[in-house]
Structures are given as structure tokens and as C-alpha cells.
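Asks: Dumping the structure here so I can ask a few things about it.
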Amino acid sequence: MPSLDRQDNVFVLDLGDGENRFHPDWVTAVSAALDEVEKAEGPRALVTAATGKFYSNGLDLDWLFAHADQYHDYVVSVHELFARMLSLPVVTVAALQGHTFAAGAMLSLAHDFRVMRSDRGYWCLPEADINIPFTPGMAALIQSRLAPQTAHEAMLTARRYGGTDAAATGIVDQAVGEDAVRSTAIEIAQAQVNKAGDTLGTIKTRMYAPALATLRDTTNPLG
């Protein structure tokens with residue numbers, strides 16, 4: 001399960017050491033960690049990271065197939081997690097040390113900055129290959145954070161981007177060696193800790209107003 005630590009003014013949220021799929025309990029734990037970061041006072045920023053082969057492998061499809069009657073509420077909760085991260089009133093940095101797929105890739109896009117391992121691991125939106133269309137909220141998030149041609153290619157072709165390619169196309173901000181992923185993310189976050197507060201939250205909320213409105217549409221989240 002996710003765990004929250006603090007290094008000086010930077011909160012570090014470790015998403016876990018497994019596939020870090022979006023099980024409802026995992027989503028609740030991440031949301032609780034964001035609550036703690038948001039209610040803290042003073043200079044602060046947030047880094048999310050993980051331990052092991054995966055940053056996150058996306059939705060928990062096994063749980064979802066076993067609880068099909070809860071599909072609507074589940075999608076609403078995932079959308080709200082994306083919206084919370086996208087509008088969080090602190091600077092956020094995702095440290096992508098491993099595979100970052102599907103909803104995990106979308107969660108990374110909801111951060112302000114991304115650092116990815118350069119030599120191994122892929123960033124991928126596989127929905128076109130697994131026959132699961134993007135929800136309107138997911139599409140809005142992706143298209144608000146990627147250049148149009150990159151979003152087009154990533155969404156339509158399910159391309160797997162290595163760290164170097166992800167940096168070249170603007171999916172991530174930096175691609176670095178394995179040992180430097182988390183420390184680089186913390187350095188980026190530390191440099192922005194004084195930005196935390198209501199003004200930053202307002203800037204983000206207004207910058208991404210259309211995507212946030214679509215993500216927070218609880219009446220028809222599936223389109």
C-alpha cells in the first residue's frame with residue numbers, strides 16, 4: 001500500500017512495490033495522502049514514486065470485473081484522483097522508475113513534472129490494444145497535458161515509449177539513470193516548495209478548467 005514520508009519540505013508518496021493498480025483501497029490511501037499534503041502548512045511540494053518494476057500498471061481490472069455493479073462509482077473515484085492531482089495547490093513531480101501504463105500513465109500526466117528512467121521501463125497508453133476506450137475525462141486529461149501530435153500517437157497507436165523517447169516527445173521532462181530518478185524528482189520539487197498555496201491552486205484550476213470539469217462530471221463519467 002502507499003506510504004507517505006517527508007524529506008525537508010518535500011513529501012514523498014511511495015505508491016508501493018507491486019503493480020500498484022488502482023484497487024479501491026489503494027485509491028483511498030493515495031487520496032488520504034493527498035489530503036495530508038494539502039492540509040500541511042508552509043513551503044512544500046510532492047513527489048510520487050514507487051519501488052520495483054512498476055510505477056503503476058493502471059486500473060485494477062480483476063477487481064473491476066468481479067464488481068461490475070460498482071463500475072460507475074469506481075470510475076468516478078479514479079477521475080477524482082486525477083482531478084485532485086491535477087489541481088493540487090503544491091508542485092507535484094512523478095518519479096517513474098518502472099513501467100507506467102494506462103491509468104498509471106494518466107496519473108503521471110496529472111503531475112506538474114515527470115522524471116523517467118532512461119534505460120528500462122515503458123510509458124504507455126494501451127487502451128487501443130486492449131479494447132477499452134478512454135473515458136471523456138481521461139481523454140481530456142491526456143489532451144490537456146500532451147502536445148496534440150504526441151497525444152494522437154500515444155492514444156491511437158498504444159506506442160510504448162522508453163525514457164529517452166518519452167523525453168523527446170515531451171511526455172516526461174527528463175530521462176535519467178535508474179539511481180537518479182527519485183533524487184532528481186526531489187530536486188525539482190525542492191526548488192518549487194515556495195510556490196505552495198492558494199494562488200498555485202487557483203492557477204492550476206483555471207489553467208485546466210475544461211479537463212477538471214469533465215473529470216468531475218459524476219452524472220455521465222463514461223460518456
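Letters A, B, ... mark the chains of the C-alpha cells in the order given; residue numbers begin at 1 per chain; ligand numbers begin at 1, in order shown.
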Which parts of segment 156-198 of chain A does DSSP call strand (DSSP E or B) when run on the backbone here, written out as a list in words?

Replies: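 Put together, the selection reads Arg160, Tyr161, Gln174, Ala175 and Val176 of chain A.
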
Asks: Find the nearest atom pair between each residue of segment 107-217 of chain A and segment 39-58 of chain A for residues within 9 Å, count only C-alpha atoms, give distances in Å to one decimal, sort rows by chain and ascending number, and present the table as CSV.

Replies:
residue,atom,partner,partner_atom,distance
A:Leu107,CA,A:Ser56,CA,8.7
A:Ser108,CA,A:Thr48,CA,8.8
A:His111,CA,A:Thr48,CA,8.9
A:Gly121,CA,A:Lys53,CA,7.8
A:Val181,CA,A:Ala49,CA,8.9
A:Arg182,CA,A:Ala49,CA,6.9
A:Ala185,CA,A:Val47,CA,6.6
A:Ile186,CA,A:Val47,CA,6.4
A:Ala189,CA,A:Ala45,CA,5.6
A:Gln190,CA,A:Ala45,CA,6.8
A:Ala191,CA,A:Ala45,CA,9.0
A:Gln192,CA,A:Ala45,CA,6.9
A:Val193,CA,A:Arg44,CA,4.4
A:Asn194,CA,A:Pro43,CA,4.8
A:Lys195,CA,A:Pro43,CA,7.3
A:Ala196,CA,A:Pro43,CA,6.0
A:Gly197,CA,A:Gly42,CA,8.2

Asks: Those same residues, written as a short mmCIF file (atom, residue, chain, number, x, y, z; two decimals), in the first residue's frame with N, CA and C atoms?

Replies:
data_model
loop_
_atom_site.label_atom_id
_atom_site.label_comp_id
_atom_site.auth_asym_id
_atom_site.auth_seq_id
_atom_site.Cartn_x
_atom_site.Cartn_y
_atom_site.Cartn_z
N LEU A 107 -2.15 9.14 -14.46
CA LEU A 107 -1.82 9.75 -13.17
C LEU A 107 -0.52 10.53 -13.27
N SER A 108 0.46 10.00 -13.99
CA SER A 108 1.72 10.72 -14.15
C SER A 108 1.50 12.05 -14.88
N HIS A 111 0.53 15.14 -12.87
CA HIS A 111 1.58 15.83 -12.14
C HIS A 111 2.09 17.02 -12.96
N GLY A 121 12.02 0.25 -18.81
CA GLY A 121 10.67 0.66 -18.44
C GLY A 121 10.00 1.42 -19.56
N VAL A 181 16.55 8.75 -10.57
CA VAL A 181 15.16 9.11 -10.85
C VAL A 181 14.52 9.81 -9.65
N ARG A 182 14.55 9.17 -8.50
CA ARG A 182 13.87 9.75 -7.34
C ARG A 182 14.59 11.01 -6.86
N ALA A 185 13.77 13.94 -9.10
CA ALA A 185 12.40 14.41 -8.86
C ALA A 185 12.34 15.26 -7.58
N ILE A 186 13.04 14.80 -6.54
CA ILE A 186 13.04 15.55 -5.28
C ILE A 186 13.73 16.90 -5.46
N ALA A 189 11.28 19.19 -7.14
CA ALA A 189 10.24 19.58 -6.19
C ALA A 189 10.76 20.57 -5.17
N GLN A 190 11.97 20.32 -4.65
CA GLN A 190 12.54 21.19 -3.62
C GLN A 190 12.71 22.62 -4.12
N ALA A 191 13.02 22.76 -5.39
CA ALA A 191 13.23 24.09 -5.97
C ALA A 191 11.93 24.88 -6.07
N GLN A 192 10.78 24.21 -5.91
CA GLN A 192 9.49 24.87 -6.10
C GLN A 192 8.63 24.89 -4.83
N VAL A 193 9.21 24.58 -3.68
CA VAL A 193 8.40 24.45 -2.47
C VAL A 193 7.72 25.77 -2.06
N ASN A 194 8.31 26.89 -2.43
CA ASN A 194 7.72 28.17 -2.03
C ASN A 194 6.51 28.55 -2.86
N LYS A 195 6.21 27.76 -3.88
CA LYS A 195 5.03 28.04 -4.71
C LYS A 195 3.74 27.54 -4.06
N ALA A 196 3.84 26.69 -3.06
CA ALA A 196 2.64 26.05 -2.49
C ALA A 196 1.67 27.09 -1.95
N GLY A 197 0.38 26.84 -2.17
CA GLY A 197 -0.62 27.71 -1.60
C GLY A 197 -1.80 27.94 -2.52
#

Asks: Leu200 of chain A: which residues within 9 Å, counting only C-alpha atoms, same-chain residues fewer than 5 positions away excluded, as a list in words?

Replies: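 Using only C-alpha atoms, the neighbours found are Ser87, Leu88, Pro89, Val90, Val91, Lys195 and Thr205 of chain A.
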
Asks: Leaving out Leu34 of chain A and any residue of its chain fewer than 2 positions from it, which residues lie within 9 Å of it when counting only C-alpha atoms, given as a PyMOL selection string?

Replies: chain A and resi 13+29-32+36-39+46+84-85+88

Asks: To test your reading of the structure, identify every residue in segment 20-166 of chain A that backbone DSSP assigns to helix (DSSP H, G or I), and report it as a ChimeraX atom specification.

Replies: /A:24-39,61-66,68-87,103-109,127-130,136-145,148-157,163-166

Asks: Within 10 Å of Ala83 of chain A, counting only C-alpha atoms, which residues show up once you throw out same-chain ones fewer than 3 positions away? Write them as JSON, numbers by chain, please.

Replies: {"A": [77, 78, 79, 80, 86, 87, 88, 107, 110, 137, 141, 205, 208, 211, 212, 213, 214, 215, 216]}

Asks: Mind pulling up the distance from atom CA of Ser118 of chain A to atom CA of Gly162 of chain A?

Replies: 6.8 Å
